[in-house]
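Here is the structure we will look at, set down as structure tokens.
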Amino acid sequence: MGKYCFGIDVGGTSVKCGLFQTDGVLVEKWEIPTRKENSGEAILPDIAKTILDKIAERKLDKEEIDGVGIGVPGPVNERGEVPCAVNLFWGFKEVTKELTELTGLPSKAGNDANVAALGEAWKGAAAGAKNVILVTLGTGVGGGIIVDGKIVGGAHGAGGEIGHAAVDHEEKEACNCGNCGCLEQYASATGIVRLAKKALAESSEDSVLRNTESIEAKDVLDAFKSGDALAVRVMDEVGEKLGGALGIFAAVVDPDAIVIGGGVSKAGQPLINLIEKHYKKYAFSLCKDTPIVIASLGNDAGIYGAAKMVL
């Protein structure tokens, strides 16, 4: 057992890096840009370079390092291979094989939302919990499921793809994944804006959102918190779809806690109250009182979870 490990979280614009002690103390964190040109060929070499530079800078011995964990935005199979990561312009990529060759350190890879869930279950909002469902409400809806302390990755690395659970079988508009009626079409930042625009088009009702140029999710959430009737109705639909979906997932996993993260979660307690209201309506009796909490590690959940994967 070494003293240290690295946690890496690859995002569309930047790569977050963390050097951790094996007891979970974050020693240092930093970021490097994600260079996506030429099908993202520089991304892993850049990561390897920053890791080796950090080892040299801190005069560490490779023997002291347990390895590198990395979270990527896409499905990852148990061999650490990514079939494709659309936002990085990657096709098939042998992530762990390449990273180990470049750094000379053992490596483990996982889907970014699954890895963030592991981080929250280890050192965040659900610290110490063995069974956790994490939902990240950002541009899309990500999900991560931890059962008995381990990530549920599944056969294709698609375990925990909560955002692509079909929650409306009548929906005609297509999701980015090609299906219709995915949770992501309602509960993501883009989904909230979509529902608000639809509501404005379908009614002549007075709303602060009517005079808002290029509506963003934050505008809808602010209007909802200030009691704007149209925004309240829109967010109630979001709560209904999300609470209902979480009720289904809870019936499968029976988690200790459900953690809500991502940019939309900045709306705080009013959002949680809304989700809880609908969740309680749909959840199985024994799961009705499962706590729903806001993620506490913020943007660091990914590096924590990535580090934990190696340990």
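So you can find residues: chains in the structure tokens are A, B, ... in the order shown, residues in each start at 1, and ligands are numbered from 1 in order.
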With only C-alpha atoms as the counted atoms, please give the residues lying no more than 7 Å from region 39-45 of chain A, apart from itself and same-chain residues fewer than 5 positions off, as a list of chain:residue names.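 Listing them by chain and then by number gives A:Thr34, A:Leu88, A:Phe89, A:Trp90, A:Leu99, A:Leu102.
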Quick one: residues within 12 Å of Gly128 (chain A), only C-alpha atoms counted, chain neighbours fewer than 2 positions away excluded, as a list in words? Leu118, Gly119, Glu120, Ala121, Trp122, Lys123, Gly124, Ala125, Ala126, Lys130, Asn131, Val132, Ile146, Asp148, Gly149, Asp256 and Ala257 of chain A
I'd like the interatomic distance between CA of Lys54 (chain A) and CA of Lys3 (chain A), to a tenth of an Å.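 Atom-to-atom, CA of Lys54 (chain A) and CA of Lys3 (chain A) are spaced 14.8 Å apart.
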May I have the residues within 6 Å of region 182-184 of chain A as an MDAnalysis selection string, using only C-alpha atoms and disregarding those fewer than 6 positions away in the same chain? chainID A and resid 140:141 163:167
Produce a file of the selected residues containing N, CA, C and O atoms, as an mmCIF file, in the first residue's frame.
data_model
loop_
_atom_site.group_PDB
_atom_site.id
_atom_site.type_symbol
_atom_site.label_atom_id
_atom_site.label_comp_id
_atom_site.auth_asym_id
_atom_site.auth_seq_id
_atom_site.Cartn_x
_atom_site.Cartn_y
_atom_site.Cartn_z
ATOM 1 N N GLY A 140 -26.983 17.795 -19.223
ATOM 2 C CA GLY A 140 -27.760 16.564 -19.343
ATOM 3 C C GLY A 140 -28.130 16.094 -17.955
ATOM 4 O O GLY A 140 -27.957 16.831 -16.979
ATOM 5 N N VAL A 141 -28.651 14.874 -17.844
ATOM 6 C CA VAL A 141 -28.889 14.277 -16.531
ATOM 7 C C VAL A 141 -27.990 13.055 -16.431
ATOM 8 O O VAL A 141 -28.129 12.103 -17.199
ATOM 9 N N GLY A 163 -30.521 9.374 -16.661
ATOM 10 C CA GLY A 163 -31.014 10.406 -17.574
ATOM 11 C C GLY A 163 -31.728 9.852 -18.790
ATOM 12 O O GLY A 163 -32.521 10.536 -19.429
ATOM 13 N N HIS A 164 -31.450 8.573 -19.103
ATOM 14 C CA HIS A 164 -32.078 8.000 -20.290
ATOM 15 C C HIS A 164 -33.125 6.946 -19.950
ATOM 16 O O HIS A 164 -33.467 6.104 -20.777
ATOM 17 N N ALA A 165 -33.647 7.033 -18.727
ATOM 18 C CA ALA A 165 -34.822 6.230 -18.380
ATOM 19 C C ALA A 165 -36.019 6.922 -19.032
ATOM 20 O O ALA A 165 -36.135 8.153 -18.968
ATOM 21 N N ALA A 166 -36.899 6.150 -19.688
ATOM 22 C CA ALA A 166 -38.076 6.735 -20.351
ATOM 23 C C ALA A 166 -39.134 7.061 -19.303
ATOM 24 O O ALA A 166 -39.665 6.167 -18.657
ATOM 25 N N VAL A 167 -39.406 8.338 -19.125
ATOM 26 C CA VAL A 167 -40.374 8.741 -18.102
ATOM 27 C C VAL A 167 -41.676 9.279 -18.702
ATOM 28 O O VAL A 167 -42.629 9.541 -17.991
#
Run DSSP on the backbone and give me the residues of region 113-288 of chain A it puts in helix (DSSP H, G or I), as a ChimeraX atom specification. /A:113-123,162-164,184-187,189-202,208-211,217-225,229-253,263-267,269-282,285-287
Which region 144-216 of chain A residues have any atom within 9 Å of an atom of region 64-82 of chain A, and for each, what is the nearest pair of atoms with distance in Å to one decimal, counting only C-alpha atoms, rows sorted by chain and number, as a tab-separated table?
residue	atom	partner	partner_atom	distance
A:Gly153	CA	A:Asn77	CA	7.2
A:Gly154	CA	A:Asn77	CA	7.8
A:Ala155	CA	A:Asn77	CA	7.1
A:His156	CA	A:Asn77	CA	5.8
A:Gly157	CA	A:Pro75	CA	4.7
A:Ala158	CA	A:Pro75	CA	5.7
A:Gly159	CA	A:Pro75	CA	8.6
Selection to disk with C-alpha atoms, as a CSV table (one decimal), in the first residue's frame:
chain,number,residue,atom,x,y,z
A,153,GLY,CA,-21.2,-0.3,-14.2
A,154,GLY,CA,-23.1,-3.0,-15.9
A,155,ALA,CA,-22.4,-5.1,-19.0
A,156,HIS,CA,-21.9,-2.1,-21.3
A,157,GLY,CA,-20.8,0.5,-18.8
A,158,ALA,CA,-24.3,1.9,-19.0
A,159,GLY,CA,-25.3,1.2,-15.4
Rank A:Gly239, A:Pro270, A:Gly144, A:Gly104 by their smallest atom-to-atom distance to Ile258 (chain A), using only C-alpha atoms, and report the top residue only.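 Closest to Ile258 (chain A) of all the choices is A:Gly144.
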Given only C-alpha atoms as the counted atoms, nearest of A:Gly2, A:Gly191, A:Gly298, A:Gly305 to Met235 (chain A):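 Among the listed residues, the smallest separation from Met235 (chain A) belongs to A:Gly191.
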All residues 9 Å or closer to region 46-53 of chain A, only C-alpha atoms, same chain fewer than 5 positions away omitted, as a PyMOL selection string: chain A and resi 6+8+15+17+19+32-35+58+68+99-100+102-103
Just the number, please: distance in Å from CA of Glu94 (chain A) to CA of Gly110 (chain A), one decimal. 12.0 Å
Point-to-point distance in Å for CA of Tyr186 (chain A) and CA of Leu242 (chain A):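 Atom-to-atom, CA of Leu242 (chain A) and CA of Tyr186 (chain A) are spaced 8.1 Å apart.
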DSSP on the backbone: what in region 66-295 of chain A comes out strand (DSSP E), as a ChimeraX atom specification? /A:66-72,81-82,93-94,107-111,132-137,141-147,150-151,257-261,292-294
Identify, on the basis of only C-alpha atoms, every residue whose closest approach to Ala250 (chain A) does not exceed 8 Å; exclude the query and any residue fewer than 6 positions from it along the same chain; express the result as a PyMOL selection string. chain A and resi 283-284+287
